[in-house]
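Peer 1: This is the structure I have questions about; it appears just below.
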Amino acid sequence: MKLYQKVIALGADIHYLDKIETVIKSISVYNHEVKFYVFNDDLPSEWFLLMRNRLKVIGSEIVNVKKTAHNLRDFHLPNAFLSYATFFRYFIADEVLEDRVLYLDSDMIVNARLDELFSLDLQGYAIAAVQDFDQDGWLTTFNAGMLLIDAKKWREKNSTQSLLELTAQHHEHVYGDQGVLNMYFSDQWLHLDKEYNFMVGLDQFLHLTGNSKWYQSDYYGNCEPKIIHYTSEFKPWTHITLTRFRKLWWFYYGLNWNDVLLETDIIRRSFAELVKAPLYHTCIFTNSAGLESIEYILSELPEVHVTILAPTDFAESVVDMQRFLNLSIYPNFSPFNKKETLDKMDFYLDINHGGVVGTIIEEIHDKNKPIFAFDTTSHDSSGRSQIFSSAEPEKMVDEIRKFLGEKTEWKMN
């Protein structure tokens, strides 16, 4: 039987089938000749047959590791979004044939080649991991979503049995299997750089607690970590999340397997290109649900993506407008959301009733971007905005089209 140099273990139940496939797809974009062990007790054999035929094209293999004789459902979990399947990682060393294996949670994506991990000197440690982080800062413990495992050492120390015994004793007062793993290994683990388990779940709310350091990140724009971990309950596949790299998860989810296996050009592109998203971007910062002629603008300008950001939750009327696919909304927006939106904005819509959000009008002027406003909504005292009668929204739309036409000509020249 062939022994692989690159071995990756994952665990999931049926509710995470599409998520685990997305992880594998993201890995396969950059990494060939990988052996995948998928620990489960209810994933259908037909899925494994489909995956086997896909992966063999790139020299990879998938193994269905069925573990039905267990009492993992009896163990306490600290959060409702966690599954008993997270405990499957205890059994990795007992099932894999190879001595080095990388474990990944199913709420991750891989965005780079991982060859260096499989040749890394573990310096005698049984695992390597990334230091954990919570709302109070960096912790002394590791996050168990990504573990580089010396399976031979686990087998020699009978770690699986020890972990199960510790879990039976302590599962009600530690943070699931991650708490147990940290109890077992204590400080005996090799520290890896955060790029191998870049946790973005805290993006959702840390700015609301006054924590600004979290948002001073190296990862913005074209610079992306190698493994992204969508921690906490704020997953990219949930309705509204503010975390970074949300669309990157959807990019890998949406990739066609033929494009991955044949290495077509699209796999090096973006979600916007994958879905042929609108070419232009505008935004509205608002404290109010009153947005003058917003539905008319959305329907008349399908080539423009509109992002609405608010420092509060949105009214239901705004949330329901997501039926327009050229609209995104960011309630309680974070510094990341603001920066990303302003960086790609072509023009600004000052069409919200009520007060202005911060110094947004001055910030738009500093970027030398045009502002289109109605006479009933303008917040600009400088006289630089283009202002239209609220009774004639079609005139604003015509002027925006004219501006975009000139912008397109300028780009072409």
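In the structure tokens, chains take letters A, B, ... by order of appearance, with residues numbered from 1 within each chain and ligands from 1 in the order shown.
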As a PyMOL selection string, please: every residue in region 59-173 of chain A that a backbone DSSP assignment puts in strand (DSSP E or B).
Peer 2: chain A and resi 61-66+100-104+108-110+127-134+137-150
Peer 1: Between A:Glu116, A:Glu95, A:Asp259, A:Glu46, which is the closest to Ser28 (chain A) once you count only C-alpha atoms?
Peer 2: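 Smallest distance to Ser28 (chain A) is found for A:Asp259.
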Peer 1: Counting only C-alpha atoms, figure out which residue out of A:Asp99, A:Asp313, A:Asp94, A:Asp343 gets nearest to Ser119 (chain A).
Peer 2: A:Asp99
Peer 1: With distances taken over only C-alpha atoms, which residue among A:Lys67, A:His305, A:His207, A:His170 lies nearest Phe336 (chain A)?
Peer 2: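 The closest residue to Phe336 (chain A) is A:His207.
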Peer 1: Excluding region 176-190 of chain A and any residue of its chain fewer than 3 positions from it, enumerate the residues within 8 Å of it, using only C-alpha atoms, and give them as a count of residues only.
Peer 2: 21
Peer 1: Please run DSSP on the backbone and report, as a ChimeraX atom specification, all residues within region 211-388 of chain A that come out as alpha helix (DSSP H).
Peer 2: /A:246-254,257-262,271-274,294-300,316-319,335-344,360-366
Peer 1: Can you tell me which residues surround Tyr252 (chain A) at a distance of at most 7 Å, considering only C-alpha atoms, apart from same-chain residues fewer than 4 positions away, and format the answer as a list in words?
Peer 2: Thr22, Lys25, Ser26 and Leu248 of chain A
Peer 1: Give me the residues near Leu291 (chain A) as a PyMOL selection string, where near means some atom within 8 Å (using only C-alpha atoms) and where sequence neighbours in that chain fewer than 4 positions away do not count.
Peer 2: chain A and resi 351-353
Peer 1: For the contact check between region 79-174 of chain A and region 9-17 of chain A, emit one row per residue of region 79-174 of chain A within 8 Å, containing the shortest atom pair and the distance in Å rounded to one decimal, counting only C-alpha atoms, chain then rising number order, as a tab-separated table.
Peer 2:
```
residue	atom	partner	partner_atom	distance
A:Ser83	CA	A:Asp13	CA	7.7
A:Ala85	CA	A:Ala12	CA	5.3
A:Thr86	CA	A:Gly11	CA	6.5
A:Phe88	CA	A:Gly11	CA	6.0
A:Arg89	CA	A:Gly11	CA	6.8
A:Ile92	CA	A:Ala9	CA	7.2
A:Val101	CA	A:Ala9	CA	6.8
A:Leu102	CA	A:Ala9	CA	6.1
A:Tyr103	CA	A:Ala9	CA	4.7
A:Leu104	CA	A:Leu10	CA	5.6
A:Asp105	CA	A:Leu10	CA	6.3
A:Ser106	CA	A:Leu10	CA	6.8
```
Peer 1: Pick out the residues sitting within 9 Å of Leu327 (chain A), and hand them over as a ChimeraX atom specification; count only C-alpha atoms, and ignore anything fewer than 6 positions along from it in its own chain.
Peer 2: /A:298,304-308,321
Peer 1: Grab the residues selected above and save them as a PDB file, in the first residue's frame with C-alpha atoms.
Peer 2:
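In the end it all went to again.pdb:
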```
ATOM      1  CA  LEU A 298     -30.792  48.892  -7.216  1.00  0.00           C
ATOM      2  CA  VAL A 304     -23.393  48.507  -9.604  1.00  0.00           C
ATOM      3  CA  HIS A 305     -22.949  46.664  -6.299  1.00  0.00           C
ATOM      4  CA  VAL A 306     -24.333  48.649  -3.377  1.00  0.00           C
ATOM      5  CA  THR A 307     -22.999  48.095   0.149  1.00  0.00           C
ATOM      6  CA  ILE A 308     -24.976  49.496   3.075  1.00  0.00           C
ATOM      7  CA  MET A 321     -33.831  44.188   0.322  1.00  0.00           C
TER       8      MET A 321
END
```
